[in-house]
file query18.pdb (PDB, C-alpha atoms and all ligand atoms)
MODEL        1
ATOM      1  CA  MET X   1       0.943 -24.042   1.579
ATOM      2  CA  ALA X   2       0.547 -27.314   3.403
ATOM      3  CA  SER X   3       3.536 -28.625   1.451
ATOM      4  CA  GLY X   4       5.813 -26.534   3.665
ATOM      5  CA  GLN X   5       4.950 -28.600   6.724
ATOM      6  CA  THR X   6       7.636 -30.596   8.434
ATOM      7  CA  THR X   7       7.148 -34.219   9.364
ATOM      8  CA  THR X   8       9.522 -34.069  12.326
ATOM      9  CA  GLU X   9       8.279 -35.750  15.499
ATOM     10  CA  THR X  10       7.049 -33.377  18.183
ATOM     11  CA  PRO X  11      10.015 -32.928  20.560
ATOM     12  CA  ALA X  12       9.896 -33.839  24.243
ATOM     13  CA  PRO X  13       8.272 -31.157  26.395
ATOM     14  CA  SER X  14      10.634 -28.569  27.834
ATOM     15  CA  PRO X  15      10.193 -25.862  30.485
ATOM     16  CA  SER X  16       9.501 -23.364  27.730
ATOM     17  CA  ASP X  17       6.955 -25.615  26.052
ATOM     18  CA  ASN X  18       3.982 -23.518  27.052
ATOM     19  CA  LEU X  19       5.343 -20.637  24.981
ATOM     20  CA  LEU X  20       4.931 -22.502  21.759
ATOM     21  CA  PRO X  21       1.843 -22.411  19.576
ATOM     22  CA  HIS X  22      -0.826 -24.762  20.794
ATOM     23  CA  THR X  23      -1.527 -26.714  17.621
ATOM     24  CA  PRO X  24       0.843 -29.667  17.124
ATOM     25  CA  ARG X  25       1.647 -28.719  13.536
ATOM     26  CA  LEU X  26       2.604 -25.155  14.354
ATOM     27  CA  ARG X  27       4.569 -26.254  17.411
ATOM     28  CA  ARG X  28       6.724 -28.320  15.098
ATOM     29  CA  ASP X  29       7.045 -25.454  12.662
ATOM     30  CA  ILE X  30       8.363 -23.041  15.255
ATOM     31  CA  LEU X  31      10.842 -25.551  16.624
ATOM     32  CA  GLY X  32      12.113 -26.325  13.167
ATOM     33  CA  SER X  33      11.988 -22.791  11.867
ATOM     34  CA  GLY X  34      15.688 -22.069  12.108
ATOM     35  CA  LEU X  35      15.142 -19.052  14.345
ATOM     36  CA  PRO X  36      18.382 -17.548  15.602
ATOM     37  CA  CYS X  37      19.749 -19.099  18.805
ATOM     38  CA  ARG X  38      19.570 -15.790  20.592
ATOM     39  CA  LEU X  39      15.816 -15.924  20.176
ATOM     40  CA  PHE X  40      15.627 -19.154  22.121
ATOM     41  CA  SER X  41      18.353 -18.195  24.585
ATOM     42  CA  GLY X  42      16.252 -15.132  25.337
ATOM     43  CA  ILE X  43      13.240 -17.276  26.111
ATOM     44  CA  GLY X  44      12.857 -15.632  29.527
ATOM     45  CA  LYS X  45      12.096 -12.364  27.796
ATOM     46  CA  ILE X  46       9.575 -14.104  25.632
ATOM     47  CA  ILE X  47       7.845 -15.378  28.754
ATOM     48  CA  LEU X  48       7.852 -11.793  29.961
ATOM     49  CA  ILE X  49       6.287 -10.590  26.751
ATOM     50  CA  ASN X  50       3.580 -13.198  26.911
ATOM     51  CA  ASN X  51       2.823 -12.479  30.559
ATOM     52  CA  ILE X  52       2.677  -8.790  29.863
ATOM     53  CA  SER X  53       0.420  -9.499  26.946
ATOM     54  CA  ASN X  54      -2.038 -11.010  29.397
ATOM     55  CA  ASN X  55      -1.827  -7.999  31.690
ATOM     56  CA  THR X  56      -2.065  -5.109  29.294
ATOM     57  CA  LEU X  57      -5.072  -3.930  27.403
ATOM     58  CA  MET X  58      -3.020  -3.006  24.332
ATOM     59  CA  LYS X  59      -3.088  -5.582  21.551
ATOM     60  CA  ILE X  60      -0.001  -5.721  19.326
ATOM     61  CA  GLY X  61       0.090  -7.298  15.904
ATOM     62  CA  ILE X  62       2.209  -7.305  12.779
ATOM     63  CA  LYS X  63       1.180  -6.806   9.180
ATOM     64  CA  THR X  64       1.738  -8.979   6.145
ATOM     65  CA  TYR X  65       0.509  -9.671   2.639
ATOM     66  CA  THR X  66      -1.229 -12.987   2.007
ATOM     67  CA  ASP X  67       1.532 -14.431  -0.122
ATOM     68  CA  ALA X  68       3.941 -17.338   0.419
ATOM     69  CA  ILE X  69       6.491 -15.039   2.061
ATOM     70  CA  GLY X  70       3.897 -13.788   4.533
ATOM     71  CA  TYR X  71       2.761 -17.339   5.310
ATOM     72  CA  GLU X  72       6.309 -18.493   6.014
ATOM     73  CA  TYR X  73       6.958 -15.471   8.201
ATOM     74  CA  LEU X  74       3.881 -16.177  10.314
ATOM     75  CA  ARG X  75       5.284 -19.608  11.116
ATOM     76  CA  LYS X  76       8.101 -17.772  12.902
ATOM     77  CA  ILE X  77       6.276 -14.878  14.558
ATOM     78  CA  ALA X  78       2.681 -16.001  15.128
ATOM     79  CA  SER X  79       3.239 -17.185  18.690
ATOM     80  CA  PHE X  80       4.617 -13.789  19.760
ATOM     81  CA  VAL X  81       1.813 -11.490  18.584
ATOM     82  CA  ASP X  82      -1.759 -10.909  19.742
ATOM     83  CA  PHE X  83      -3.071 -10.873  16.179
ATOM     84  CA  VAL X  84      -1.966 -10.405  12.566
ATOM     85  CA  GLU X  85      -3.194  -7.773  10.136
ATOM     86  CA  ILE X  86      -3.283  -9.333   6.675
ATOM     87  CA  LEU X  87      -3.725  -7.629   3.330
ATOM     88  CA  PRO X  88      -5.511 -10.229   1.156
ATOM     89  CA  LEU X  89      -4.230 -10.065  -2.405
ATOM     90  CA  PRO X  90      -7.149  -9.771  -4.849
ATOM     91  CA  ASP X  91      -5.983 -12.060  -7.672
ATOM     92  CA  ASP X  92      -5.815 -15.376  -5.834
ATOM     93  CA  GLU X  93      -7.356 -17.021  -2.799
ATOM     94  CA  VAL X  94      -4.133 -17.663  -0.915
ATOM     95  CA  TYR X  95      -5.511 -15.644   1.989
ATOM     96  CA  LYS X  96      -7.726 -18.612   2.848
ATOM     97  CA  ASN X  97      -4.595 -20.651   3.659
ATOM     98  CA  PHE X  98      -3.917 -18.321   6.572
ATOM     99  CA  ALA X  99      -6.746 -20.066   8.425
ATOM    100  CA  ASP X 100      -4.044 -22.676   9.199
ATOM    101  CA  PHE X 101      -2.905 -20.328  11.968
ATOM    102  CA  ASP X 102      -4.868 -20.418  15.168
ATOM    103  CA  ILE X 103      -4.598 -16.676  15.873
ATOM    104  CA  PRO X 104      -6.922 -13.686  15.398
ATOM    105  CA  PHE X 105      -6.662 -11.826  12.097
ATOM    106  CA  ARG X 106      -7.522  -8.257  11.182
ATOM    107  CA  ILE X 107      -7.971  -7.170   7.581
ATOM    108  CA  HIS X 108      -6.301  -4.369   5.615
ATOM    109  CA  ALA X 109      -8.074  -3.866   2.280
ATOM    110  CA  PRO X 110      -5.883  -4.008  -0.844
ATOM    111  CA  HIS X 111      -4.593  -0.515  -1.636
ATOM    112  CA  GLN X 112      -2.806   1.432  -4.363
ATOM    113  CA  GLY X 113      -0.216  -1.333  -4.704
ATOM    114  CA  GLN X 114      -2.990  -3.613  -5.960
ATOM    115  CA  GLY X 115      -4.702  -0.888  -8.049
ATOM    116  CA  SER X 116      -7.392   0.086  -5.556
ATOM    117  CA  ASN X 117      -8.355   3.770  -5.441
ATOM    118  CA  PRO X 118     -11.805   4.745  -4.123
ATOM    119  CA  SER X 119     -11.195   8.396  -5.081
ATOM    120  CA  ASP X 120     -10.755   7.727  -8.825
ATOM    121  CA  LYS X 121     -13.782   6.683 -10.885
ATOM    122  CA  SER X 122     -11.581   5.216 -13.614
ATOM    123  CA  ALA X 123     -10.155   2.768 -11.040
ATOM    124  CA  HIS X 124     -13.480   1.707  -9.560
ATOM    125  CA  LYS X 125     -13.789  -1.619 -11.393
ATOM    126  CA  ARG X 126     -10.537  -2.782  -9.858
ATOM    127  CA  THR X 127     -11.373  -1.147  -6.529
ATOM    128  CA  LEU X 128     -14.656  -3.084  -6.392
ATOM    129  CA  LYS X 129     -12.727  -6.329  -6.722
ATOM    130  CA  CYS X 130     -10.273  -5.265  -4.026
ATOM    131  CA  MET X 131     -13.046  -4.301  -1.587
ATOM    132  CA  GLU X 132     -14.888  -7.542  -2.292
ATOM    133  CA  VAL X 133     -11.890  -9.677  -1.317
ATOM    134  CA  ALA X 134     -11.324  -7.523   1.779
ATOM    135  CA  MET X 135     -14.875  -8.079   2.982
ATOM    136  CA  LYS X 136     -14.797 -11.800   2.180
ATOM    137  CA  ALA X 137     -11.565 -12.149   4.163
ATOM    138  CA  ALA X 138     -13.041 -10.162   7.060
ATOM    139  CA  ASP X 139     -16.044 -12.505   7.066
ATOM    140  CA  LEU X 140     -13.826 -15.607   6.925
ATOM    141  CA  PHE X 141     -11.587 -14.491   9.784
ATOM    142  CA  ASP X 142     -14.311 -12.761  11.750
ATOM    143  CA  SER X 143     -12.303  -9.543  11.715
ATOM    144  CA  PRO X 144     -14.080  -6.654  13.420
ATOM    145  CA  THR X 145     -12.130  -4.138  11.324
ATOM    146  CA  ILE X 146     -11.112  -3.476   7.704
ATOM    147  CA  VAL X 147      -8.461  -0.769   7.202
ATOM    148  CA  VAL X 148      -9.121   1.196   4.002
ATOM    149  CA  HIS X 149      -6.918   3.689   2.141
ATOM    150  CA  PRO X 150      -9.227   6.427   0.829
ATOM    151  CA  GLY X 151      -7.053   6.947  -2.251
ATOM    152  CA  ALA X 152      -5.496   9.576  -4.555
ATOM    153  CA  TYR X 153      -2.062   8.603  -5.720
ATOM    154  CA  LYS X 154       0.092  11.123  -7.563
ATOM    155  CA  ALA X 155      -3.155  12.690  -8.781
ATOM    156  CA  PRO X 156      -5.628  15.170  -7.311
ATOM    157  CA  GLY X 157      -8.233  12.528  -6.411
ATOM    158  CA  SER X 158     -11.589  13.440  -4.970
ATOM    159  CA  LEU X 159     -12.604  12.981  -1.373
ATOM    160  CA  GLN X 160     -16.255  13.202  -2.403
ATOM    161  CA  THR X 161     -15.768  10.405  -4.961
ATOM    162  CA  ALA X 162     -14.151   8.250  -2.265
ATOM    163  CA  ILE X 163     -17.025   8.976   0.126
ATOM    164  CA  ASP X 164     -19.667   8.167  -2.509
ATOM    165  CA  PHE X 165     -17.867   4.949  -3.445
ATOM    166  CA  LEU X 166     -17.297   3.661   0.089
ATOM    167  CA  LYS X 167     -20.667   4.774   1.443
ATOM    168  CA  LYS X 168     -22.610   2.242  -0.558
ATOM    169  CA  TYR X 169     -21.027  -0.627   1.399
ATOM    170  CA  LYS X 170     -22.543   0.585   4.668
ATOM    171  CA  ASP X 171     -19.778  -1.414   6.372
ATOM    172  CA  LYS X 172     -19.133  -0.346   9.936
ATOM    173  CA  ARG X 173     -15.956  -2.431  10.011
ATOM    174  CA  PHE X 174     -14.176   0.164   7.853
ATOM    175  CA  LEU X 175     -11.366   2.140   9.458
ATOM    176  CA  ILE X 176     -10.114   4.929   7.178
ATOM    177  CA  GLU X 177      -6.326   5.282   7.288
ATOM    178  CA  ASN X 178      -4.671   8.708   7.115
ATOM    179  CA  LEU X 179      -2.294   8.888   4.171
ATOM    180  CA  PRO X 180       0.770  11.135   3.765
ATOM    181  CA  ALA X 181       0.875  14.501   2.032
ATOM    182  CA  GLU X 182       4.433  14.131   0.906
ATOM    183  CA  SER X 183       4.728  17.147  -1.391
ATOM    184  CA  GLU X 184       2.604  19.652  -3.248
ATOM    185  CA  LYS X 185       2.449  17.299  -6.217
ATOM    186  CA  ARG X 186       1.870  14.151  -4.213
ATOM    187  CA  SER X 187      -0.931  14.637  -1.759
ATOM    188  CA  GLU X 188      -2.953  11.651  -0.774
ATOM    189  CA  LEU X 189      -6.387  11.758   0.796
ATOM    190  CA  CYS X 190      -7.050  12.169   4.501
ATOM    191  CA  SER X 191      -3.626  13.565   5.320
ATOM    192  CA  THR X 192      -5.408  16.121   7.496
ATOM    193  CA  ALA X 193      -7.744  15.638  10.432
ATOM    194  CA  GLU X 194     -10.278  17.884   8.704
ATOM    195  CA  ASP X 195     -10.620  15.545   5.710
ATOM    196  CA  MET X 196     -10.624  12.534   8.020
ATOM    197  CA  ALA X 197     -13.383  14.007  10.184
ATOM    198  CA  ARG X 198     -15.505  14.543   7.080
ATOM    199  CA  ILE X 199     -15.127  11.035   5.666
ATOM    200  CA  ILE X 200     -15.679   9.147   8.936
ATOM    201  CA  LYS X 201     -18.753  11.252   9.673
ATOM    202  CA  GLU X 202     -20.192  10.484   6.228
ATOM    203  CA  LEU X 203     -19.374   6.768   6.456
ATOM    204  CA  GLY X 204     -20.152   6.370  10.145
ATOM    205  CA  CYS X 205     -16.902   4.476  10.668
ATOM    206  CA  GLY X 206     -13.620   4.808  12.571
ATOM    207  CA  ILE X 207     -10.028   5.773  11.863
ATOM    208  CA  CYS X 208      -6.696   3.965  11.651
ATOM    209  CA  LEU X 209      -4.028   6.459  12.696
ATOM    210  CA  ASP X 210      -0.758   5.796  10.884
ATOM    211  CA  PHE X 211       1.988   7.628  12.793
ATOM    212  CA  GLY X 212       4.454   7.471   9.901
ATOM    213  CA  HIS X 213       2.044   8.952   7.376
ATOM    214  CA  ALA X 214       1.065  11.735   9.808
ATOM    215  CA  THR X 215       4.717  12.536  10.536
ATOM    216  CA  LEU X 216       5.760  12.705   6.892
ATOM    217  CA  THR X 217       2.865  15.081   6.199
ATOM    218  CA  GLU X 218       4.864  17.790   8.023
ATOM    219  CA  THR X 219       7.210  17.954   5.026
ATOM    220  CA  ALA X 220       4.450  19.001   2.640
ATOM    221  CA  THR X 221       2.319  21.171   4.884
ATOM    222  CA  GLY X 222       4.888  22.784   7.173
ATOM    223  CA  GLN X 223       2.623  22.011  10.117
ATOM    224  CA  ASN X 224       4.444  20.373  13.037
ATOM    225  CA  TYR X 225       3.770  16.647  12.946
ATOM    226  CA  LYS X 226       2.835  16.519  16.606
ATOM    227  CA  GLU X 227       0.082  19.037  15.905
ATOM    228  CA  ILE X 228      -1.021  16.896  12.957
ATOM    229  CA  ILE X 229      -1.141  13.789  15.162
ATOM    230  CA  ASP X 230      -2.957  15.757  17.843
ATOM    231  CA  GLY X 231      -5.657  16.620  15.327
ATOM    232  CA  PHE X 232      -6.157  12.944  14.504
ATOM    233  CA  LEU X 233      -6.194  11.982  18.189
ATOM    234  CA  LYS X 234      -9.191  14.259  18.673
ATOM    235  CA  LEU X 235     -11.073  11.827  16.401
ATOM    236  CA  LYS X 236     -10.536   9.135  19.062
ATOM    237  CA  PRO X 237      -8.642   6.437  17.130
ATOM    238  CA  LYS X 238      -8.426   3.009  18.737
ATOM    239  CA  TYR X 239      -6.402   1.417  15.941
ATOM    240  CA  PHE X 240      -2.838   2.418  15.021
ATOM    241  CA  HIS X 241      -0.065   1.719  12.542
ATOM    242  CA  ILE X 242       3.406   2.324  13.969
ATOM    243  CA  MET X 243       6.915   2.060  12.538
ATOM    244  CA  GLY X 244      10.314   3.703  12.564
ATOM    245  CA  GLY X 245      11.415   6.206   9.961
ATOM    246  CA  SER X 246      13.017   9.546   9.326
ATOM    247  CA  LEU X 247      11.344  12.889   8.858
ATOM    248  CA  ARG X 248      14.665  14.284   7.649
ATOM    249  CA  GLU X 249      15.052  11.581   5.004
ATOM    250  CA  ARG X 250      11.292  11.285   4.361
ATOM    251  CA  VAL X 251      11.092   7.537   4.795
ATOM    252  CA  ASP X 252       8.863   5.328   6.896
ATOM    253  CA  HIS X 253       8.176   1.595   7.358
ATOM    254  CA  LYS X 254      11.596   1.056   8.922
ATOM    255  CA  GLU X 255      12.510  -0.796  12.117
ATOM    256  CA  LEU X 256      10.921   0.903  15.124
ATOM    257  CA  PHE X 257      14.270   1.976  16.570
ATOM    258  CA  TRP X 258      15.687   3.262  13.274
ATOM    259  CA  GLY X 259      15.826   6.931  12.278
ATOM    260  CA  ASP X 260      14.488  10.063  13.919
ATOM    261  CA  PHE X 261      10.795   9.296  14.474
ATOM    262  CA  ASP X 262       9.916   9.999  18.125
ATOM    263  CA  ILE X 263       8.612   6.536  18.902
ATOM    264  CA  ALA X 264       8.374   7.215  22.647
ATOM    265  CA  TYR X 265       5.999  10.063  21.793
ATOM    266  CA  PHE X 266       4.027   7.812  19.411
ATOM    267  CA  ARG X 267       3.699   5.267  22.205
ATOM    268  CA  ARG X 268       2.437   7.863  24.666
ATOM    269  CA  CYS X 269      -0.281   8.854  22.184
ATOM    270  CA  ILE X 270      -1.806   5.359  22.208
ATOM    271  CA  PRO X 271      -4.715   5.017  24.653
ATOM    272  CA  GLU X 272      -5.503   1.888  26.629
ATOM    273  CA  ASN X 273      -7.608  -0.731  24.891
ATOM    274  CA  SER X 274      -6.002   0.102  21.553
ATOM    275  CA  VAL X 275      -5.059  -2.188  18.702
ATOM    276  CA  VAL X 276      -1.553  -1.504  17.360
ATOM    277  CA  VAL X 277      -0.017  -2.875  14.171
ATOM    278  CA  LEU X 278       3.751  -2.896  13.660
ATOM    279  CA  GLU X 279       4.512  -1.945  10.065
ATOM    280  CA  THR X 280       8.180  -2.798  10.383
ATOM    281  CA  PRO X 281      10.518  -5.175   8.505
ATOM    282  CA  HIS X 282       9.876  -8.886   8.988
ATOM    283  CA  GLU X 283      12.708  -9.912  11.268
ATOM    284  CA  PRO X 284      11.469 -12.003  14.219
ATOM    285  CA  ALA X 285      14.077 -11.116  16.852
ATOM    286  CA  MET X 286      13.689  -7.402  16.110
ATOM    287  CA  GLN X 287       9.897  -7.461  16.005
ATOM    288  CA  ILE X 288       9.875  -9.227  19.391
ATOM    289  CA  LYS X 289      11.959  -6.329  20.779
ATOM    290  CA  GLU X 290       9.544  -3.865  19.192
ATOM    291  CA  ILE X 291       6.577  -5.624  20.815
ATOM    292  CA  GLU X 292       8.353  -5.485  24.182
ATOM    293  CA  PHE X 293       8.902  -1.751  23.751
ATOM    294  CA  LEU X 294       5.260  -1.101  22.897
ATOM    295  CA  LYS X 295       4.033  -3.171  25.832
ATOM    296  CA  THR X 296       6.448  -1.835  28.472
ATOM    297  CA  GLY X 297       8.237   1.253  27.149
ATOM    298  CA  LYS X 298      11.532  -0.596  27.664
ATOM    299  CA  ARG X 299      14.107  -1.456  25.027
ATOM    300  CA  ILE X 300      15.697  -4.885  25.338
TER
HETATM  301 ZN    ZN U 401      -0.290   2.115   7.573
ENDMDL
END
call {"tool": "encode", "arguments": {"input": "query18.pdb", "output": "structure tokens", "more": "lines below"}}
Ligand SMILES: [Zn+2]
result
Amino acid sequence: MASGQTTTETPAPSPSDNLLPHTPRLRRDILGSGLPCRLFSGIGKIILINNISNNTLMKIGIKTYTDAIGYEYLRKIASFVDFVEILPLPDDEVYKNFADFDIPFRIHAPHQGQGSNPSDKSAHKRTLKCMEVAMKAADLFDSPTIVVHPGAYKAPGSLQTAIDFLKKYKDKRFLIENLPAESEKRSELCSTAEDMARIIKELGCGICLDFGHATLTETATGQNYKEIIDGFLKLKPKYFHIMGGSLRERVDHKELFWGDFDIAYFRRCIPENSVVVLETPHEPAMQIKEIEFLKTGKRI
């Protein structure tokens, strides 16, 4: 990834210089990143965001895969977030290149997209590999947390199998993420607070509350999504995934301000001292607005 570096001289200091990443290489990258002018003309707001970041207890990050696209995106956004949640891909060691960035990282274990499924014995060989890379990445980046999908994809799956599989790691960094029950035929594990309570008790670990997954579960269960979220909040999550989406259209992972998700309600559900990951499209100007909203409740 080092080949993407620019050799441009570091520009003369400017009043906004202290906003830029502190390593010389990344300072150059941001300045030469081709970010839209409105991003730089709105530099006052960026100062505001950074000041607020120092004054609030909420930590806001974004999520990305450890591929070349994710690496390039971090060159644009890294200076505006408190941390980055990375999903290390299991078939290469590209995740190690992310150590180029002088920011804290949190780890999301590879999931169904990479073939991981703790709830399915026939997938355990692949799941072992996925969990191994997740734990190696967490060690490398000193991440205090590893978000884990418990599994079951378009199949019944077994919560007990997932518990038995994950228990042997005895890893207190695990945070089990609630997954969506999207329909009677497609019900993923830990879509209910009852299942979540059982698995975190057995594993002695915490929970990652994904607002989008909890909201979409209303479609399959008929239970109001705010009641579903309330059930998860009783398990005292301190780590959240947030995004925009539409309950009506059954989609998530959209821009925060898109669709009919009640993002103001989501925000009110987040306690102080929480860690919040934006699972929204990678567009720097928009994600900066989303961060501002999470920090202040205001839309810019
Ligand atoms: Zn999520």
call {"tool": "residues_near_ligand", "arguments": {"input": "query18.pdb", "ligand": "ligand ZN 401 (chain U)", "cutoff": "7 Å", "atoms": "all atoms listed in the file", "output": "PyMOL selection string"}}
result
chain X and resi 177+210+241+279
call {"tool": "resolve_selection", "arguments": {"input": "query18.pdb", "expression": "the PyMOL selection byres (((chain X and resi 113-119) around 8) and not hetatm)", "output": "list in words"}}
result
Leu89, Pro90, Pro110, His111, Gln112, Asp120, Lys121, Ala123, His124, Arg126, Thr127, Leu128, Cys130, His149, Pro150, Gly151, Ala152, Tyr153, Gly157, Ser158, Leu159, Gln160, Thr161, Ala162, Ile163, Phe165 and Leu166 of chain X
call {"tool": "closest_residue", "arguments": {"input": "query18.pdb", "among": "X:Ser274, X:Thr219, X:Ser191, X:Thr145", "to": "Asp82 in chain X", "atoms": "all atoms listed in the file"}}
result
X:Ser274
call {"tool": "axis_aligned_box", "arguments": {"input": "query18.pdb", "around": "range 271-285 of chain X", "padding_each_side": "3 Å", "output": "JSON"}}
result
{"center_x": 3.2, "center_y": -3.5, "center_z": 17.6, "size_x": 27.7, "size_y": 23.0, "size_z": 24.1}
call {"tool": "residues_around", "arguments": {"input": "query18.pdb", "residues": "Leu235 in chain X", "least_positions_apart": "6", "cutoff": "9 Å", "atoms": "all atoms listed in the file", "output": "ChimeraX atom specification"}}
result
/X:193,196-197,206-207
call {"tool": "write_last_selection", "arguments": {"input": "query18.pdb", "atoms": "C-alpha atoms", "output": "compact mmCIF listing (two decimals), keeping the file's coordinate frame"}}
result
# COMPACT_ATOMS: atom_id res chain seq x y z
CA ALA X 193 -7.74 15.64 10.43
CA MET X 196 -10.62 12.53 8.02
CA ALA X 197 -13.38 14.01 10.18
CA GLY X 206 -13.62 4.81 12.57
CA ILE X 207 -10.03 5.77 11.86
call {"tool": "residues_around", "arguments": {"input": "query18.pdb", "residues": "range 63-77 of chain X", "least_positions_apart": "6", "cutoff": "6 Å", "atoms": "all atoms listed in the file", "output": "PyMOL selection string"}}
result
chain X and resi 30+84-88+95+279+284
call {"tool": "residues_around", "arguments": {"input": "query18.pdb", "residues": "range 211-218 of chain X", "least_positions_apart": "6", "cutoff": "7 Å", "atoms": "only C-alpha atoms", "output": "list in words"}}
result
Asn178, Leu179, Pro180, Ala181, Glu182, Ser191, Asn224, Tyr225, Ile228, Ile229, His241, Ile242, Met243, Leu247, Arg250, Asp252 and Phe266 of chain X
call {"tool": "write_last_selection", "arguments": {"input": "query18.pdb", "atoms": "C-alpha atoms", "output": "CSV table (one decimal), in the coordinates of the input"}}
result
chain,number,residue,atom,x,y,z
X,178,ASN,CA,-4.7,8.7,7.1
X,179,LEU,CA,-2.3,8.9,4.2
X,180,PRO,CA,0.8,11.1,3.8
X,181,ALA,CA,0.9,14.5,2.0
X,182,GLU,CA,4.4,14.1,0.9
X,191,SER,CA,-3.6,13.6,5.3
X,224,ASN,CA,4.4,20.4,13.0
X,225,TYR,CA,3.8,16.6,12.9
X,228,ILE,CA,-1.0,16.9,13.0
X,229,ILE,CA,-1.1,13.8,15.2
X,241,HIS,CA,-0.1,1.7,12.5
X,242,ILE,CA,3.4,2.3,14.0
X,243,MET,CA,6.9,2.1,12.5
X,247,LEU,CA,11.3,12.9,8.9
X,250,ARG,CA,11.3,11.3,4.4
X,252,ASP,CA,8.9,5.3,6.9
X,266,PHE,CA,4.0,7.8,19.4
call {"tool": "resolve_selection", "arguments": {"input": "query18.pdb", "expression": "the PyMOL selection byres (((chain X and resi 136) around 12) and not hetatm)", "output": "list in words"}}
result
Leu87, Pro88, Leu89, Pro90, Glu93, Tyr95, Lys96, Ile107, His108, Ala109, Lys129, Cys130, Met131, Glu132, Val133, Ala134, Met135, Ala137, Ala138, Asp139, Leu140, Phe141, Asp142, Ser143 and Ile146 of chain X
call {"tool": "atom_distance", "arguments": {"input": "query18.pdb", "atom1": "CA of Lys201 in chain X", "atom2": "CA of Asp230 in chain X"}}
result
18.3 Å
call {"tool": "atom_distance", "arguments": {"input": "query18.pdb", "atom1": "CA of Leu278 in chain X", "atom2": "CA of Ile263 in chain X"}}
result
11.8 Å
call {"tool": "resolve_selection", "arguments": {"input": "query18.pdb", "expression": "the PyMOL selection byres (((chain X and resi 257) around 9) and not hetatm)", "output": "MDAnalysis selection string"}}
result
chainID X and resid 243:245 254:256 258:261 263 290
call {"tool": "atom_distance", "arguments": {"input": "query18.pdb", "atom1": "CA of Asn97 in chain X", "atom2": "CA of Val81 in chain X"}}
result
18.6 Å
